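Shown next, in structure tokens, is the structure this report addresses.
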Amino acid sequence: MIRRRGRILLHAGLAVTALVSLFPFYWSLVMATNTTADIYRFPPKFTFGSQLDDNIHHVLTNIAFFQSMGNSAIVAVSATVLVLFFDSLAAFTFAKFRFPGRNALFVILLATMLLPAQLATIPQFQTMVALGWVGSLKALIIPGAANAFGIFWMRQYFQRSIHDELVEAATLDGCGFMGTYWHVALPSARPALAFLGIFTFVASWNDYLWPLIVLTNPDHLTLQVALSQLNRSHGVDYSMVMTGALLAMIPLIIVFALFARQFIKGATEGAVRG
């Protein structure tokens, strides 16, 4: 009886937590389907309105929404592919091969995770100026082609999931470094790659500060920067802003729905293995 009550309380607590977590998304949808006047009304309106079509029309009229979404898709997909390749390649090297200075280099790599990303903004911008990439999408893709977190994450996974004997057997069978990486390491790391891929895609899709600084060409604006143009100096149309934010979330929801199983598997295995 006591265990049953405890189970009921546990499920009730989880249900309440889930409702609290979902409320911001529900409220965003309510704001997107109403007018700004309805949002300011007191007591607040918690029901859906009929202004969603008009708000979508206003968003598409005020900014080049689909062009900006295409730019974001190019940047996010390219950065994700590059991160998955370079991070997993470096992580496999750190995990399964010994070379002089390996531990010291890895410690330095981890130390970079302690520094705020904003510290690199000015040097990074100066580098983009020197390369002539200011205003182009290359300035967003190339600097994000690898990161310390991805290398650390994949290294921890490779250390636990691939035994040294398997690497030695592949070497005896004639596989070189790239052959072992491609045929042994990558197939065993699909959950970890899915987790890192979704994490990188979401971070790249939602990035705002660096694109705002480096993108000077209006035709190359990413979606987050374009959506910021909906904020007018004389006032903010919150219904239109929230509609744009919801439209921007659709690709993220689709990506997560497609890879959710591998994402959760990778996260839970990483927690157990780490």
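Just remember, in the structure tokens the first chain shown is A, the second B, etc., residues are 1-based per chain, and ligands are 1-based in the order shown.
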
What lies within 12 Å of range 214-219 of chain A using only C-alpha atoms, ignoring chain neighbours under 5 positions off, as a short mmCIF file (atom, residue, chain, number, x, y, z; two decimals) with N, CA and C atoms, in the first residue's frame?
```
data_model
loop_
_atom_site.label_atom_id
_atom_site.label_comp_id
_atom_site.auth_asym_id
_atom_site.auth_seq_id
_atom_site.Cartn_x
_atom_site.Cartn_y
_atom_site.Cartn_z
N ILE A 63 9.81 40.27 -43.13
CA ILE A 63 11.17 39.76 -43.30
C ILE A 63 11.20 38.71 -44.40
N ALA A 64 12.40 38.49 -44.94
CA ALA A 64 12.58 37.43 -45.95
C ALA A 64 12.71 36.10 -45.22
N PHE A 65 11.57 35.58 -44.76
CA PHE A 65 11.58 34.45 -43.83
C PHE A 65 12.20 33.21 -44.45
N PHE A 66 11.73 32.81 -45.62
CA PHE A 66 12.19 31.55 -46.21
C PHE A 66 13.63 31.64 -46.69
N GLN A 67 14.06 32.81 -47.15
CA GLN A 67 15.45 32.99 -47.51
C GLN A 67 16.35 32.87 -46.29
N SER A 68 15.93 33.49 -45.19
CA SER A 68 16.70 33.40 -43.95
C SER A 68 16.70 31.98 -43.40
N MET A 69 15.57 31.30 -43.53
CA MET A 69 15.52 29.91 -43.08
C MET A 69 16.45 29.03 -43.92
N GLY A 70 16.52 29.30 -45.21
CA GLY A 70 17.44 28.55 -46.06
C GLY A 70 18.89 28.79 -45.65
N ASN A 71 19.23 30.04 -45.33
CA ASN A 71 20.59 30.33 -44.87
C ASN A 71 20.89 29.60 -43.57
N SER A 72 19.93 29.61 -42.64
CA SER A 72 20.13 28.90 -41.38
C SER A 72 20.30 27.40 -41.61
N THR A 121 35.26 36.47 -29.69
CA THR A 121 34.52 37.19 -30.73
C THR A 121 35.40 38.15 -31.51
N ILE A 122 36.17 38.99 -30.81
CA ILE A 122 37.00 39.99 -31.49
C ILE A 122 38.11 39.33 -32.30
N GLN A 124 38.20 36.38 -33.51
CA GLN A 124 37.56 35.63 -34.58
C GLN A 124 37.09 36.56 -35.70
N PHE A 125 36.55 37.72 -35.31
CA PHE A 125 36.11 38.68 -36.32
C PHE A 125 37.31 39.22 -37.10
N GLN A 126 38.41 39.50 -36.42
CA GLN A 126 39.62 39.97 -37.11
C GLN A 126 40.12 38.92 -38.10
N THR A 127 40.00 37.65 -37.72
CA THR A 127 40.40 36.58 -38.63
C THR A 127 39.51 36.55 -39.86
N MET A 128 38.21 36.73 -39.66
CA MET A 128 37.28 36.75 -40.79
C MET A 128 37.56 37.93 -41.72
N VAL A 129 37.93 39.07 -41.14
CA VAL A 129 38.29 40.23 -41.95
C VAL A 129 39.52 39.93 -42.79
N GLY A 132 38.67 37.78 -45.60
CA GLY A 132 37.68 38.33 -46.53
C GLY A 132 36.35 37.61 -46.47
N TRP A 133 36.02 37.02 -45.33
CA TRP A 133 34.79 36.24 -45.21
C TRP A 133 33.66 36.99 -44.50
N VAL A 134 33.89 38.22 -44.10
CA VAL A 134 32.84 38.97 -43.40
C VAL A 134 31.65 39.15 -44.34
N GLY A 135 30.48 38.82 -43.85
CA GLY A 135 29.27 38.93 -44.64
C GLY A 135 28.86 37.66 -45.34
N SER A 136 29.73 36.63 -45.36
CA SER A 136 29.41 35.38 -46.04
C SER A 136 29.09 34.29 -45.03
N LEU A 137 28.43 33.25 -45.50
CA LEU A 137 28.06 32.14 -44.62
C LEU A 137 29.27 31.33 -44.19
N LYS A 138 30.38 31.44 -44.93
CA LYS A 138 31.61 30.72 -44.53
C LYS A 138 32.08 31.17 -43.15
N ALA A 139 31.81 32.42 -42.81
CA ALA A 139 32.22 32.94 -41.51
C ALA A 139 31.46 32.29 -40.37
N LEU A 140 30.33 31.65 -40.67
CA LEU A 140 29.58 30.93 -39.65
C LEU A 140 29.89 29.44 -39.65
N ILE A 141 30.20 28.91 -40.82
CA ILE A 141 30.38 27.46 -40.95
C ILE A 141 31.76 27.01 -40.50
N PRO A 143 34.33 28.46 -38.64
CA PRO A 143 34.72 28.52 -37.22
C PRO A 143 33.99 27.51 -36.34
N TYR A 208 22.81 33.46 -32.36
CA TYR A 208 22.37 34.83 -32.69
C TYR A 208 23.51 35.84 -32.65
N LEU A 209 24.35 35.80 -31.63
CA LEU A 209 25.35 36.85 -31.43
C LEU A 209 26.36 36.90 -32.58
N GLN A 224 17.50 33.69 -37.07
CA GLN A 224 17.44 34.35 -35.77
C GLN A 224 17.71 35.84 -35.89
N VAL A 225 18.66 36.22 -36.75
CA VAL A 225 18.95 37.64 -36.95
C VAL A 225 17.80 38.31 -37.67
N ALA A 226 17.22 37.63 -38.65
CA ALA A 226 16.08 38.20 -39.37
C ALA A 226 14.89 38.40 -38.44
N GLN A 229 14.61 41.56 -36.42
CA GLN A 229 14.15 42.76 -37.10
C GLN A 229 12.66 43.02 -36.88
#
```

Can you list, as a PDB file with C-alpha atoms, in the first residue's frame, every protein, DNA or RNA residue that comes within 9 Å of Val255 in chain A when you count only C-alpha atoms, leaving out same-chain residues fewer than 5 positions away?
```pdb
ATOM      1  CA  ILE A 198      21.236  17.216 -32.732  1.00  0.00           C
ATOM      2  CA  PHE A 201      22.302  21.511 -35.150  1.00  0.00           C
ATOM      3  CA  ILE A 250       9.384  23.769 -36.720  1.00  0.00           C
ATOM      4  CA  ALA A 260      14.876  11.399 -30.856  1.00  0.00           C
TER       5      ALA A 260
END
```

Show me a table, sorted first by chain and then by increasing residue number, of the residues of range 19-112 of chain A having an atom at most 12 Å from range 160-174 of chain A, each with its shortest atom pair and the distance in Å to one decimal, counting only C-alpha atoms and written as a tab-separated table.
```
residue	atom	partner	partner_atom	distance
A:Phe92	CA	A:Ile162	CA	9.6
A:Thr93	CA	A:Val167	CA	11.5
A:Ala95	CA	A:Ile162	CA	9.2
A:Lys96	CA	A:Asp164	CA	7.0
A:Phe97	CA	A:Asp164	CA	9.4
A:Arg98	CA	A:Asp164	CA	11.7
```

Separation of CA of Trp27 in chain A from CA of Met242 in chain A, in Å and rounded to one decimal: 9.7 Å

Please return as a PDB file with C-alpha atoms, in the first residue's frame: the residues of range 104-198 of chain A that backbone DSSP assigns to alpha helix (DSSP H).
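Final file, out_5.pdb:
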```pdb
ATOM      1  CA  ALA A 104      48.692  17.582 -22.195  1.00  0.00           C
ATOM      2  CA  LEU A 105      46.978  18.454 -25.470  1.00  0.00           C
ATOM      3  CA  PHE A 106      43.704  17.009 -24.222  1.00  0.00           C
ATOM      4  CA  VAL A 107      43.933  19.011 -20.986  1.00  0.00           C
ATOM      5  CA  ILE A 108      44.479  22.198 -22.995  1.00  0.00           C
ATOM      6  CA  LEU A 109      41.481  21.270 -25.122  1.00  0.00           C
ATOM      7  CA  LEU A 110      39.321  20.842 -22.030  1.00  0.00           C
ATOM      8  CA  ALA A 111      40.590  24.140 -20.628  1.00  0.00           C
ATOM      9  CA  THR A 121      34.522  37.188 -30.730  1.00  0.00           C
ATOM     10  CA  ILE A 122      36.997  39.991 -31.494  1.00  0.00           C
ATOM     11  CA  PRO A 123      39.942  37.755 -32.556  1.00  0.00           C
ATOM     12  CA  GLN A 124      37.558  35.630 -34.584  1.00  0.00           C
ATOM     13  CA  PHE A 125      36.110  38.683 -36.315  1.00  0.00           C
ATOM     14  CA  GLN A 126      39.616  39.966 -37.113  1.00  0.00           C
ATOM     15  CA  THR A 127      40.404  36.578 -38.635  1.00  0.00           C
ATOM     16  CA  MET A 128      37.281  36.745 -40.790  1.00  0.00           C
ATOM     17  CA  VAL A 129      38.292  40.235 -41.947  1.00  0.00           C
ATOM     18  CA  ALA A 130      41.763  38.986 -42.886  1.00  0.00           C
ATOM     19  CA  LEU A 131      40.260  36.095 -44.854  1.00  0.00           C
ATOM     20  CA  LYS A 138      31.606  30.715 -44.529  1.00  0.00           C
ATOM     21  CA  ALA A 139      32.223  32.944 -41.512  1.00  0.00           C
ATOM     22  CA  LEU A 140      29.575  30.927 -39.655  1.00  0.00           C
ATOM     23  CA  ILE A 141      30.376  27.458 -40.950  1.00  0.00           C
ATOM     24  CA  ALA A 148      35.993  20.940 -27.573  1.00  0.00           C
ATOM     25  CA  PHE A 149      32.743  19.572 -26.171  1.00  0.00           C
ATOM     26  CA  GLY A 150      32.191  17.296 -29.159  1.00  0.00           C
ATOM     27  CA  ILE A 151      35.724  15.913 -28.947  1.00  0.00           C
ATOM     28  CA  PHE A 152      35.378  15.303 -25.208  1.00  0.00           C
ATOM     29  CA  TRP A 153      31.961  13.667 -25.635  1.00  0.00           C
ATOM     30  CA  MET A 154      33.058  11.333 -28.428  1.00  0.00           C
ATOM     31  CA  ARG A 155      36.358  10.476 -26.730  1.00  0.00           C
ATOM     32  CA  GLN A 156      34.545   9.324 -23.611  1.00  0.00           C
ATOM     33  CA  TYR A 157      32.230   7.208 -25.733  1.00  0.00           C
ATOM     34  CA  PHE A 158      35.011   5.643 -27.797  1.00  0.00           C
ATOM     35  CA  GLN A 159      37.000   4.765 -24.687  1.00  0.00           C
ATOM     36  CA  ARG A 160      34.108   2.739 -23.272  1.00  0.00           C
ATOM     37  CA  SER A 161      32.533   1.297 -26.417  1.00  0.00           C
ATOM     38  CA  ASP A 164      41.687  -1.991 -27.784  1.00  0.00           C
ATOM     39  CA  GLU A 165      41.646  -5.600 -28.995  1.00  0.00           C
ATOM     40  CA  LEU A 166      39.113  -4.641 -31.676  1.00  0.00           C
ATOM     41  CA  VAL A 167      41.358  -1.872 -32.957  1.00  0.00           C
ATOM     42  CA  GLU A 168      44.348  -4.240 -32.948  1.00  0.00           C
ATOM     43  CA  ALA A 169      42.358  -6.867 -34.846  1.00  0.00           C
ATOM     44  CA  ALA A 170      41.359  -4.321 -37.481  1.00  0.00           C
ATOM     45  CA  THR A 171      45.003  -3.294 -37.846  1.00  0.00           C
ATOM     46  CA  LEU A 172      46.091  -6.920 -38.279  1.00  0.00           C
ATOM     47  CA  PHE A 177      43.829   4.527 -39.433  1.00  0.00           C
ATOM     48  CA  MET A 178      40.991   5.798 -41.634  1.00  0.00           C
ATOM     49  CA  GLY A 179      39.766   2.264 -42.324  1.00  0.00           C
ATOM     50  CA  THR A 180      39.557   1.501 -38.607  1.00  0.00           C
ATOM     51  CA  LEU A 186      31.737   5.090 -36.495  1.00  0.00           C
ATOM     52  CA  PRO A 187      29.306   2.128 -36.624  1.00  0.00           C
ATOM     53  CA  SER A 188      29.627   1.618 -32.862  1.00  0.00           C
ATOM     54  CA  ARG A 190      25.826   6.014 -33.816  1.00  0.00           C
ATOM     55  CA  PRO A 191      23.959   6.959 -30.598  1.00  0.00           C
ATOM     56  CA  ALA A 192      26.727   9.346 -29.551  1.00  0.00           C
ATOM     57  CA  LEU A 193      26.884  10.825 -33.062  1.00  0.00           C
ATOM     58  CA  ALA A 194      23.115  11.350 -33.063  1.00  0.00           C
ATOM     59  CA  PHE A 195      23.290  13.155 -29.734  1.00  0.00           C
ATOM     60  CA  LEU A 196      26.180  15.351 -30.875  1.00  0.00           C
ATOM     61  CA  GLY A 197      24.507  15.986 -34.225  1.00  0.00           C
ATOM     62  CA  ILE A 198      21.236  17.216 -32.732  1.00  0.00           C
TER      63      ILE A 198
END
```

One number please: CA of Arg102 in chain A to CA of Ala90 in chain A, in Å, one decimal.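 Distance between the two atoms: 11.2 Å.
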
Calculate how many Å separate CA of Leu247 in chain A from CA of Ile56 in chain A, rounding to one decimal.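 CA of Leu247 in chain A sits 8.5 Å away from CA of Ile56 in chain A.
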
Would you list the contacts of range 19-26 of chain A as a PyMOL selection string, taking every protein, DNA or RNA residue within 12 Å and counting only C-alpha atoms, but skipping same-chain residues closer than 4 positions in sequence? chain A and resi 12-15+30-33+46-48+242-243+245-246+249

Set the distance at 12 Å and use only C-alpha atoms: which residues neighbour Asn62 in chain A once local chain neighbours fewer than 6 positions away are removed? I'd like the list as a PyMOL selection string. chain A and resi 55-56+226-232+237+240-241+244

DSSP strand (DSSP E or B) residues within range 175-251 of chain A, listed as an mmCIF file with C-alpha atoms, in the first residue's frame:
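Listing of out03.cif after writing:
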```cif
data_model
loop_
_atom_site.group_PDB
_atom_site.id
_atom_site.type_symbol
_atom_site.label_atom_id
_atom_site.label_comp_id
_atom_site.auth_asym_id
_atom_site.auth_seq_id
_atom_site.Cartn_x
_atom_site.Cartn_y
_atom_site.Cartn_z
ATOM 1 C CA ASN A 231 11.322 44.231 -32.892
ATOM 2 C CA ARG A 232 10.519 47.812 -33.782
ATOM 3 C CA GLY A 235 7.021 49.125 -29.999
ATOM 4 C CA VAL A 236 7.006 45.359 -30.176
#
```

Nearest to Ser50 in chain A: which of A:Ala248, A:Leu212, A:Ala91, A:Leu29 is it, counting only C-alpha atoms?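 Of all the options, A:Leu29 lies closest to Ser50 in chain A.
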
Pick from A:Asn206, A:Thr35, A:Asn147, A:Thr222 nearest to Asp53 in chain A, counting only C-alpha atoms: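 That would be A:Thr35, the residue with the smallest distance to Asp53 in chain A.
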